[in-house]
>>> print(open('entry.pdb').read())   # PDB, C-alpha atoms
ATOM      1  CA  MET A  28     -42.080   6.252 -71.034
ATOM      2  CA  LEU A  29     -44.763   5.278 -68.515
ATOM      3  CA  PHE A  30     -42.264   3.148 -66.581
ATOM      4  CA  ALA A  31     -39.769   6.023 -66.501
ATOM      5  CA  LEU A  32     -42.374   8.429 -65.147
ATOM      6  CA  LEU A  33     -43.466   5.964 -62.469
ATOM      7  CA  ALA A  34     -39.868   5.286 -61.447
ATOM      8  CA  THR A  35     -39.064   9.002 -61.240
ATOM      9  CA  GLY A  36     -42.139   9.704 -59.118
ATOM     10  CA  THR A  37     -41.372   6.816 -56.796
ATOM     11  CA  VAL A  38     -37.776   7.880 -56.227
ATOM     12  CA  TYR A  39     -38.785  11.499 -55.669
ATOM     13  CA  SER A  40     -41.496  10.576 -53.162
ATOM     14  CA  ALA A  41     -39.032   8.354 -51.292
ATOM     15  CA  LEU A  42     -36.243  10.910 -51.038
ATOM     16  CA  SER A  43     -37.867  14.340 -50.882
ATOM     17  CA  PRO A  44     -39.518  13.909 -47.427
ATOM     18  CA  ALA A  45     -36.160  12.983 -45.875
ATOM     19  CA  GLN A  46     -34.500  15.997 -47.462
ATOM     20  CA  ALA A  47     -37.291  18.282 -46.320
ATOM     21  CA  GLU A  48     -37.082  16.831 -42.828
ATOM     22  CA  GLN A  49     -33.308  17.381 -42.722
ATOM     23  CA  ALA A  50     -33.687  20.978 -43.935
ATOM     24  CA  THR A  51     -36.351  21.610 -41.303
ATOM     25  CA  SER A  52     -34.128  20.125 -38.615
ATOM     26  CA  ASP A  53     -31.177  22.328 -39.630
ATOM     27  CA  ALA A  54     -33.405  25.399 -39.733
ATOM     28  CA  GLU A  55     -34.713  24.649 -36.251
ATOM     29  CA  LEU A  56     -31.165  24.218 -34.938
ATOM     30  CA  VAL A  57     -30.090  27.542 -36.449
ATOM     31  CA  ALA A  58     -33.171  29.271 -35.002
ATOM     32  CA  LYS A  59     -32.440  27.864 -31.557
ATOM     33  CA  GLY A  60     -28.828  28.986 -31.885
ATOM     34  CA  ARG A  61     -29.906  32.514 -32.805
ATOM     35  CA  ASP A  62     -32.109  32.715 -29.704
ATOM     36  CA  LEU A  63     -29.165  31.667 -27.538
ATOM     37  CA  PHE A  64     -26.857  34.052 -29.388
ATOM     38  CA  LEU A  65     -29.102  37.064 -28.845
ATOM     39  CA  VAL A  66     -29.201  36.395 -25.102
ATOM     40  CA  GLY A  67     -25.595  35.433 -24.393
ATOM     41  CA  CYS A  68     -23.415  36.750 -27.224
ATOM     42  CA  SER A  69     -24.977  39.707 -29.030
ATOM     43  CA  TYR A  70     -23.919  42.313 -26.445
ATOM     44  CA  CYS A  71     -20.293  41.919 -27.533
ATOM     45  CA  HIS A  72     -20.560  40.424 -31.019
ATOM     46  CA  GLY A  73     -23.630  42.290 -32.344
ATOM     47  CA  GLN A  74     -27.072  40.929 -33.071
ATOM     48  CA  ASN A  75     -25.972  39.558 -36.446
ATOM     49  CA  GLY A  76     -22.400  38.665 -35.548
ATOM     50  CA  GLU A  77     -21.072  41.875 -37.091
ATOM     51  CA  GLY A  78     -18.960  42.714 -34.019
ATOM     52  CA  GLN A  79     -18.916  45.735 -31.711
ATOM     53  CA  ARG A  80     -16.458  48.554 -31.160
ATOM     54  CA  ASP A  81     -16.003  50.712 -28.086
ATOM     55  CA  GLN A  82     -15.913  54.519 -28.024
ATOM     56  CA  ASN A  83     -12.192  54.488 -28.856
ATOM     57  CA  GLY A  84     -12.756  52.436 -31.981
ATOM     58  CA  GLN A  85     -11.224  49.285 -30.503
ATOM     59  CA  ASN A  86     -12.823  45.861 -30.962
ATOM     60  CA  PHE A  87     -15.207  45.242 -28.062
ATOM     61  CA  GLY A  88     -16.208  41.932 -29.602
ATOM     62  CA  PRO A  89     -14.810  40.708 -32.951
ATOM     63  CA  PRO A  90     -17.120  39.892 -35.877
ATOM     64  CA  LEU A  91     -18.091  36.234 -36.207
ATOM     65  CA  VAL A  92     -19.061  36.184 -39.863
ATOM     66  CA  GLY A  93     -16.932  33.504 -41.512
ATOM     67  CA  VAL A  94     -15.285  32.094 -38.360
ATOM     68  CA  GLY A  95     -17.182  28.834 -38.825
ATOM     69  CA  ALA A  96     -18.686  26.282 -36.482
ATOM     70  CA  ALA A  97     -15.272  24.989 -35.343
ATOM     71  CA  ALA A  98     -14.358  28.313 -33.693
ATOM     72  CA  VAL A  99     -17.648  28.410 -31.764
ATOM     73  CA  ASP A 100     -17.350  24.783 -30.703
ATOM     74  CA  PHE A 101     -13.836  25.439 -29.371
ATOM     75  CA  GLN A 102     -14.497  28.747 -27.613
ATOM     76  CA  VAL A 103     -17.856  27.817 -26.080
ATOM     77  CA  GLY A 104     -17.131  24.110 -25.618
ATOM     78  CA  THR A 105     -14.015  24.826 -23.521
ATOM     79  CA  GLY A 106     -15.707  27.532 -21.432
ATOM     80  CA  ARG A 107     -13.695  30.426 -22.830
ATOM     81  CA  MET A 108     -16.892  32.018 -24.078
ATOM     82  CA  PRO A 109     -18.948  33.797 -22.997
ATOM     83  CA  MET A 110     -16.382  36.016 -21.270
ATOM     84  CA  ALA A 111     -17.189  37.753 -17.996
ATOM     85  CA  GLN A 112     -15.630  40.931 -19.423
ATOM     86  CA  PRO A 113     -13.396  41.826 -22.383
ATOM     87  CA  GLY A 114      -9.710  41.204 -21.767
ATOM     88  CA  GLN A 115      -6.390  40.363 -23.359
ATOM     89  CA  GLN A 116      -7.181  36.670 -23.348
ATOM     90  CA  ALA A 117     -10.237  34.571 -22.573
ATOM     91  CA  PRO A 118      -9.460  32.269 -19.634
ATOM     92  CA  GLN A 119     -10.752  28.713 -19.633
ATOM     93  CA  LYS A 120     -13.548  28.182 -17.121
ATOM     94  CA  GLU A 121     -16.587  26.034 -16.485
ATOM     95  CA  VAL A 122     -18.707  25.468 -19.592
ATOM     96  CA  ALA A 123     -21.911  27.524 -19.524
ATOM     97  CA  TYR A 124     -23.882  25.648 -22.213
ATOM     98  CA  SER A 125     -24.908  22.041 -22.791
ATOM     99  CA  ASP A 126     -23.629  20.066 -25.784
ATOM    100  CA  GLU A 127     -26.928  20.618 -27.612
ATOM    101  CA  GLU A 128     -26.773  24.370 -27.013
ATOM    102  CA  VAL A 129     -23.144  24.528 -28.186
ATOM    103  CA  ALA A 130     -24.168  22.700 -31.373
ATOM    104  CA  ALA A 131     -27.022  25.173 -31.914
ATOM    105  CA  LEU A 132     -24.750  28.197 -31.441
ATOM    106  CA  ALA A 133     -22.200  26.673 -33.815
ATOM    107  CA  ALA A 134     -24.910  26.058 -36.427
ATOM    108  CA  TYR A 135     -26.130  29.657 -36.207
ATOM    109  CA  VAL A 136     -22.664  31.193 -36.542
ATOM    110  CA  ALA A 137     -21.898  28.811 -39.407
ATOM    111  CA  SER A 138     -25.014  30.129 -41.177
ATOM    112  CA  LEU A 139     -23.568  33.667 -41.127
ATOM    113  CA  GLY A 140     -20.708  32.818 -43.467
ATOM    114  CA  VAL A 141     -18.512  30.015 -44.742
ATOM    115  CA  GLY A 142     -15.891  28.882 -42.237
ATOM    116  CA  PRO A 143     -14.167  25.784 -40.825
ATOM    117  CA  ALA A 144     -16.577  23.024 -39.796
ATOM    118  CA  ILE A 145     -16.372  20.954 -36.614
ATOM    119  CA  PRO A 146     -13.966  18.059 -37.316
ATOM    120  CA  SER A 147     -15.152  14.469 -37.109
ATOM    121  CA  SER A 148     -13.398  11.881 -34.957
ATOM    122  CA  ALA A 149     -12.061  10.195 -38.106
ATOM    123  CA  GLN A 150      -9.901  13.266 -38.774
ATOM    124  CA  TYR A 151      -7.896  13.017 -35.542
ATOM    125  CA  SER A 152      -8.128   9.329 -34.655
ATOM    126  CA  LEU A 153      -5.516   6.612 -35.323
ATOM    127  CA  GLU A 154      -8.090   3.857 -35.464
ATOM    128  CA  GLY A 155      -7.498   1.317 -38.211
ATOM    129  CA  MET A 156      -3.728   1.814 -38.194
ATOM    130  CA  THR A 157      -1.205  -0.848 -37.354
ATOM    131  CA  ASP A 158       1.165  -0.359 -34.403
ATOM    132  CA  GLU A 159       3.979   0.492 -36.801
ATOM    133  CA  GLU A 160       1.874   3.117 -38.576
ATOM    134  CA  LYS A 161       0.862   4.622 -35.229
ATOM    135  CA  GLN A 162       4.503   4.948 -34.173
ATOM    136  CA  GLU A 163       5.361   6.595 -37.478
ATOM    137  CA  ALA A 164       2.484   9.063 -36.987
ATOM    138  CA  ILE A 165       3.723   9.888 -33.477
ATOM    139  CA  VAL A 166       7.260  10.514 -34.741
ATOM    140  CA  ARG A 167       5.990  12.782 -37.526
ATOM    141  CA  GLY A 168       3.753  14.627 -35.062
ATOM    142  CA  GLY A 169       6.667  15.159 -32.705
ATOM    143  CA  GLN A 170       8.757  16.719 -35.456
ATOM    144  CA  ILE A 171       5.909  19.030 -36.476
ATOM    145  CA  PHE A 172       5.224  19.999 -32.866
ATOM    146  CA  LEU A 173       8.883  20.737 -32.083
ATOM    147  CA  ALA A 174       9.180  22.889 -35.213
ATOM    148  CA  ASN A 175       5.944  24.874 -34.855
ATOM    149  CA  CYS A 176       4.575  24.735 -31.319
ATOM    150  CA  THR A 177       7.296  24.492 -28.672
ATOM    151  CA  ALA A 178       8.133  28.207 -28.749
ATOM    152  CA  CYS A 179       4.801  28.905 -27.035
ATOM    153  CA  HIS A 180       3.458  25.652 -25.614
ATOM    154  CA  ASN A 181       6.753  24.290 -24.242
ATOM    155  CA  PHE A 182       8.552  21.166 -25.436
ATOM    156  CA  GLU A 183       6.054  18.855 -23.739
ATOM    157  CA  GLY A 184       2.895  20.922 -24.084
ATOM    158  CA  SER A 185       2.880  22.378 -20.558
ATOM    159  CA  GLY A 186       2.236  25.935 -21.771
ATOM    160  CA  GLY A 187       4.047  29.164 -21.013
ATOM    161  CA  ALA A 188       3.900  32.951 -20.760
ATOM    162  CA  MET A 189       3.233  35.174 -23.778
ATOM    163  CA  PRO A 190       3.750  38.914 -24.413
ATOM    164  CA  ARG A 191       1.189  41.552 -23.360
ATOM    165  CA  GLY A 192      -0.376  39.553 -20.569
ATOM    166  CA  GLY A 193      -1.262  36.491 -22.620
ATOM    167  CA  HIS A 194      -0.317  32.879 -22.090
ATOM    168  CA  ALA A 195      -0.127  29.662 -24.081
ATOM    169  CA  PRO A 196      -2.323  27.165 -22.216
ATOM    170  CA  LYS A 197      -1.349  23.662 -21.227
ATOM    171  CA  ILE A 198      -2.444  21.245 -23.959
ATOM    172  CA  ARG A 199      -1.663  18.004 -22.167
ATOM    173  CA  GLY A 200      -4.808  16.001 -21.502
ATOM    174  CA  VAL A 201      -6.999  18.227 -23.703
ATOM    175  CA  GLU A 202      -9.727  16.545 -25.761
ATOM    176  CA  PRO A 203      -8.340  15.835 -29.269
ATOM    177  CA  LYS A 204     -11.245  17.588 -30.974
ATOM    178  CA  TYR A 205     -10.409  20.882 -29.270
ATOM    179  CA  ILE A 206      -6.707  20.600 -30.158
ATOM    180  CA  TYR A 207      -7.662  20.080 -33.810
ATOM    181  CA  GLU A 208     -10.062  23.046 -33.699
ATOM    182  CA  ALA A 209      -7.432  25.263 -32.078
ATOM    183  CA  MET A 210      -4.980  24.501 -34.878
ATOM    184  CA  LEU A 211      -7.715  25.021 -37.449
ATOM    185  CA  THR A 212      -9.056  28.349 -36.150
ATOM    186  CA  GLY A 213      -6.122  29.979 -34.315
ATOM    187  CA  PRO A 214      -7.735  31.276 -31.108
ATOM    188  CA  GLN A 215      -6.304  34.228 -29.154
ATOM    189  CA  GLN A 216      -2.635  34.795 -30.063
ATOM    190  CA  MET A 217      -2.215  31.422 -31.751
ATOM    191  CA  PRO A 218      -1.558  31.395 -35.506
ATOM    192  CA  THR A 219      -4.055  29.686 -37.796
ATOM    193  CA  PHE A 220      -2.959  26.386 -39.312
ATOM    194  CA  SER A 221      -5.536  26.020 -42.068
ATOM    195  CA  GLU A 222      -5.902  22.821 -44.057
ATOM    196  CA  GLY A 223      -3.726  24.395 -46.747
ATOM    197  CA  THR A 224      -0.985  25.278 -44.267
ATOM    198  CA  MET A 225      -1.060  22.049 -42.260
ATOM    199  CA  THR A 226      -2.802  19.017 -43.697
ATOM    200  CA  PRO A 227      -5.427  17.100 -41.682
ATOM    201  CA  GLU A 228      -2.991  14.185 -41.467
ATOM    202  CA  ALA A 229      -0.337  16.465 -39.950
ATOM    203  CA  LYS A 230      -2.833  17.753 -37.360
ATOM    204  CA  ARG A 231      -3.764  14.171 -36.544
ATOM    205  CA  ASP A 232      -0.082  13.291 -36.073
ATOM    206  CA  VAL A 233       0.461  16.236 -33.695
ATOM    207  CA  ILE A 234      -2.481  15.066 -31.585
ATOM    208  CA  ALA A 235      -1.060  11.532 -31.583
ATOM    209  CA  TYR A 236       2.277  12.897 -30.336
ATOM    210  CA  LEU A 237       0.629  14.819 -27.493
ATOM    211  CA  ASN A 238      -1.330  11.735 -26.472
ATOM    212  CA  SER A 239       1.887   9.710 -26.440
ATOM    213  CA  ILE A 240       3.462  12.202 -24.009
ATOM    214  CA  ASP A 241       0.631  11.582 -21.546
ATOM    215  CA  GLU A 242       1.232   7.845 -21.745
ATOM    216  CA  ASN A 243       5.022   8.021 -21.227
ATOM    217  CA  PRO A 244       6.447   8.167 -17.679
ATOM    218  CA  SER A 245       8.620  11.108 -16.616
ATOM    219  CA  TYR A 246      12.232  10.202 -15.889
ATOM    220  CA  GLY A 247      14.987  12.160 -14.177
ATOM    221  CA  GLY A 248      13.599  13.176 -10.772
ATOM    222  CA  PHE A 249      11.434  16.246 -10.252
ATOM    223  CA  GLY A 250       9.791  17.372 -13.476
ATOM    224  CA  LEU A 251       8.996  20.867 -12.111
ATOM    225  CA  GLY A 252       5.865  20.962 -14.229
ATOM    226  CA  GLY A 253       7.818  20.481 -17.443
ATOM    227  CA  TYR A 254       8.368  24.234 -17.807
ATOM    228  CA  GLY A 255      11.956  23.796 -18.939
ATOM    229  CA  PRO A 256      15.190  25.702 -18.147
ATOM    230  CA  VAL A 257      13.544  28.781 -16.588
ATOM    231  CA  ALA A 258      11.946  26.840 -13.749
ATOM    232  CA  GLU A 259      14.997  24.601 -13.402
ATOM    233  CA  GLY A 260      17.347  27.611 -13.272
ATOM    234  CA  MET A 261      15.206  29.318 -10.633
ATOM    235  CA  VAL A 262      15.295  26.236  -8.433
ATOM    236  CA  ALA A 263      19.056  25.913  -8.962
ATOM    237  CA  TRP A 264      19.702  29.540  -7.939
ATOM    238  CA  LEU A 265      17.260  29.824  -5.075
ATOM    239  CA  GLY A 266      17.558  26.286  -3.817
ATOM    240  CA  GLY A 267      21.032  25.068  -4.698
ATOM    241  CA  ILE A 268      23.197  28.187  -4.668
ATOM    242  CA  GLY A 269      21.051  29.791  -1.955
ATOM    243  CA  ALA A 270      21.698  26.814   0.307
ATOM    244  CA  LEU A 271      25.444  27.017  -0.371
ATOM    245  CA  VAL A 272      25.536  30.740   0.464
ATOM    246  CA  GLY A 273      23.622  30.151   3.668
ATOM    247  CA  PHE A 274      25.988  27.352   4.646
ATOM    248  CA  ALA A 275      29.006  29.597   3.974
ATOM    249  CA  VAL A 276      27.526  32.315   6.189
ATOM    250  CA  TRP A 277      26.904  29.771   8.940
ATOM    251  CA  ILE A 278      30.518  28.571   8.741
ATOM    252  CA  ALA A 279      31.836  32.142   8.958
ATOM    253  CA  ALA A 280      29.651  32.893  11.957
ATOM    254  CA  HIS A 281      30.794  29.827  13.886
ATOM    255  CA  THR A 282      34.536  29.906  13.127
ATOM    256  CA  THR A 283      36.806  29.681  16.253
ATOM    257  CA  ARG A 284      38.550  33.000  16.873
ATOM    258  CA  THR A 285      41.655  33.559  19.071
ATOM    259  CA  THR A 286      41.637  35.988  22.010
ATOM    260  CA  ARG A 287      45.471  36.247  22.206
ATOM    261  CA  LYS A 288      46.939  39.672  21.614
ATOM    262  CA  THR A 289      50.219  40.636  20.044
ATOM    263  CA  LYS A 290      53.057  41.934  22.256
ATOM    264  CA  ALA A 291      52.595  45.454  20.957
ATOM    265  CA  ALA A 292      48.890  45.423  21.774
ATOM    266  CA  ALA A 293      49.599  43.958  25.221
ATOM    267  CA  GLY A 294      52.191  46.715  25.912
ATOM    268  CA  GLU A 295      49.740  49.395  24.968
ATOM    269  CA  ASP A 296      47.169  47.969  27.354
ATOM    270  CA  GLN A 297      49.717  47.956  30.216
ATOM    271  CA  ALA A 298      50.734  51.545  29.449
TER
END
>>> encode(input="entry.pdb", output="structure tokens")
Amino acid sequence: MLFALLATGTVYSALSPAQAEQATSDAELVAKGRDLFLVGCSYCHGQNGEGQRDQNGQNFGPPLVGVGAAAVDFQVGTGRMPMAQPGQQAPQKEVAYSDEEVAALAAYVASLGVGPAIPSSAQYSLEGMTDEEKQEAIVRGGQIFLANCTACHNFEGSGGAMPRGGHAPKIRGVEPKYIYEAMLTGPQQMPTFSEGTMTPEAKRDVIAYLNSIDENPSYGGFGLGGYGPVAEGMVAWLGGIGALVGFAVWIAAHTTRTTRKTKAAAGEDQA
């Protein structure tokens, strides 16, 4: 009995300070995030993340309760937030916060309600796989991307126009963590691919496919930004057919014309 009590006390004294220190650290991070939130985010999203509405009842800033740390890390980490003014879509711009400040904001918003956490590198990395397994992951990712993403982001991830003034951004060369978070949280007009809808392995495979596109050379002449048949058709009409029409007009303007008159016309002139 004495040995058991001594062992229990020893284990408790060894572990409880570390736990208390971790809890204090998390609390300090959340407090720092709240201070940043009140200064840079509360005007639109409310002091407690409850959201704001304008005088017409429309969302001025959506509520953030339950969006999770992943949504904050994506929006703030890519410079989309804070917005200069409310609009149809938040444009990507220079990041306003440091990595430590982004982590603090994410921790505070995560404390408001349960939501998706920031993914770790192990969730979207192919490290530890053989070359054959990596190729299989890329093929699977390509099939998933072509079935779910090309309608908006284009067949090679170059982006495209969306209804009501929105746009699907270019996702080539984007940091893998942000691609994973975008699929996980569904920013702007993008649908949400939760872990139940698309498994973490499937998200990892999509990221692997996009990375493989960056590594592959572009064949077939001018790529025209990879925007597909719309851009190619515009160049064909304005460039190709336009040049042919101009050449036809030039030929018509420089055709040799006779000055000889018919006998009837010559008789009329003499009369």
>>> resolve_selection(input="entry.pdb", expression="the PyMOL selection byres ((chain A and resi 234) around 9)", output="list in words")
Tyr151, Ser152, Ile165, Gly168, Pro203, Ile206, Tyr207, Ala229, Lys230, Arg231, Asp232, Val233, Ala235, Tyr236, Leu237, Asn238 and Ser239 of chain A
>>> residues_around(input="entry.pdb", residues="Gly184 (chain A)", least_positions_apart="2", cutoff="12 Å", atoms="all atoms listed in the file", output="ChimeraX atom specification")
/A:169,172-173,175-182,186-187,195-201,206,233-234,236-241,252-255
>>> write_last_selection(input="entry.pdb", atoms="C-alpha atoms", output="mmCIF file, in the frame of the given file")
data_model
loop_
_atom_site.group_PDB
_atom_site.id
_atom_site.type_symbol
_atom_site.label_atom_id
_atom_site.label_comp_id
_atom_site.auth_asym_id
_atom_site.auth_seq_id
_atom_site.Cartn_x
_atom_site.Cartn_y
_atom_site.Cartn_z
ATOM 1 C CA GLY A 169 6.667 15.159 -32.705
ATOM 2 C CA PHE A 172 5.224 19.999 -32.866
ATOM 3 C CA LEU A 173 8.883 20.737 -32.083
ATOM 4 C CA ASN A 175 5.944 24.874 -34.855
ATOM 5 C CA CYS A 176 4.575 24.735 -31.319
ATOM 6 C CA THR A 177 7.296 24.492 -28.672
ATOM 7 C CA ALA A 178 8.133 28.207 -28.749
ATOM 8 C CA CYS A 179 4.801 28.905 -27.035
ATOM 9 C CA HIS A 180 3.458 25.652 -25.614
ATOM 10 C CA ASN A 181 6.753 24.290 -24.242
ATOM 11 C CA PHE A 182 8.552 21.166 -25.436
ATOM 12 C CA GLY A 186 2.236 25.935 -21.771
ATOM 13 C CA GLY A 187 4.047 29.164 -21.013
ATOM 14 C CA ALA A 195 -0.127 29.662 -24.081
ATOM 15 C CA PRO A 196 -2.323 27.165 -22.216
ATOM 16 C CA LYS A 197 -1.349 23.662 -21.227
ATOM 17 C CA ILE A 198 -2.444 21.245 -23.959
ATOM 18 C CA ARG A 199 -1.663 18.004 -22.167
ATOM 19 C CA GLY A 200 -4.808 16.001 -21.502
ATOM 20 C CA VAL A 201 -6.999 18.227 -23.703
ATOM 21 C CA ILE A 206 -6.707 20.600 -30.158
ATOM 22 C CA VAL A 233 0.461 16.236 -33.695
ATOM 23 C CA ILE A 234 -2.481 15.066 -31.585
ATOM 24 C CA TYR A 236 2.277 12.897 -30.336
ATOM 25 C CA LEU A 237 0.629 14.819 -27.493
ATOM 26 C CA ASN A 238 -1.330 11.735 -26.472
ATOM 27 C CA SER A 239 1.887 9.710 -26.440
ATOM 28 C CA ILE A 240 3.462 12.202 -24.009
ATOM 29 C CA ASP A 241 0.631 11.582 -21.546
ATOM 30 C CA GLY A 252 5.865 20.962 -14.229
ATOM 31 C CA GLY A 253 7.818 20.481 -17.443
ATOM 32 C CA TYR A 254 8.368 24.234 -17.807
ATOM 33 C CA GLY A 255 11.956 23.796 -18.939
#
>>> resolve_selection(input="entry.pdb", expression="the PyMOL selection byres ((chain A and resi 123) around 12)", output="PyMOL selection string")
chain A and resi 63+67+102-111+119-122+124-129
>>> resolve_selection(input="entry.pdb", expression="the PyMOL selection byres ((chain A and resi 86) around 12)", output="VMD selection string")
chain A and resid 71 to 73 77 to 85 87 to 90 113 to 115
>>> atom_distance(input="entry.pdb", atom1="CA of Val262 (chain A)", atom2="CA of Ala174 (chain A)")
27.7 Å
>>> atom_distance(input="entry.pdb", atom1="CA of Ala130 (chain A)", atom2="CA of Leu56 (chain A)")
8.0 Å
>>> residues_around(input="entry.pdb", residues="Ser148 (chain A)", least_positions_apart="5", cutoff="10 Å", atoms="only C-alpha atoms", output="PyMOL selection string")
chain A and resi 153-154+203-204
>>> closest_residue(input="entry.pdb", among="A:Gly193, A:Ala96, A:Gln116, A:Phe64", to="Gly140 (chain A)", atoms="only C-alpha atoms")
A:Ala96
>>> axis_aligned_box(input="entry.pdb", around="region 74-92 of chain A", padding_each_side="6 Å", output="JSON")
{"center_x": -19.1, "center_y": 45.4, "center_z": -33.9, "size_x": 27.8, "size_y": 30.3, "size_z": 23.8}
>>> atom_distance(input="entry.pdb", atom1="CA of Gln216 (chain A)", atom2="CA of Leu132 (chain A)")
23.1 Å
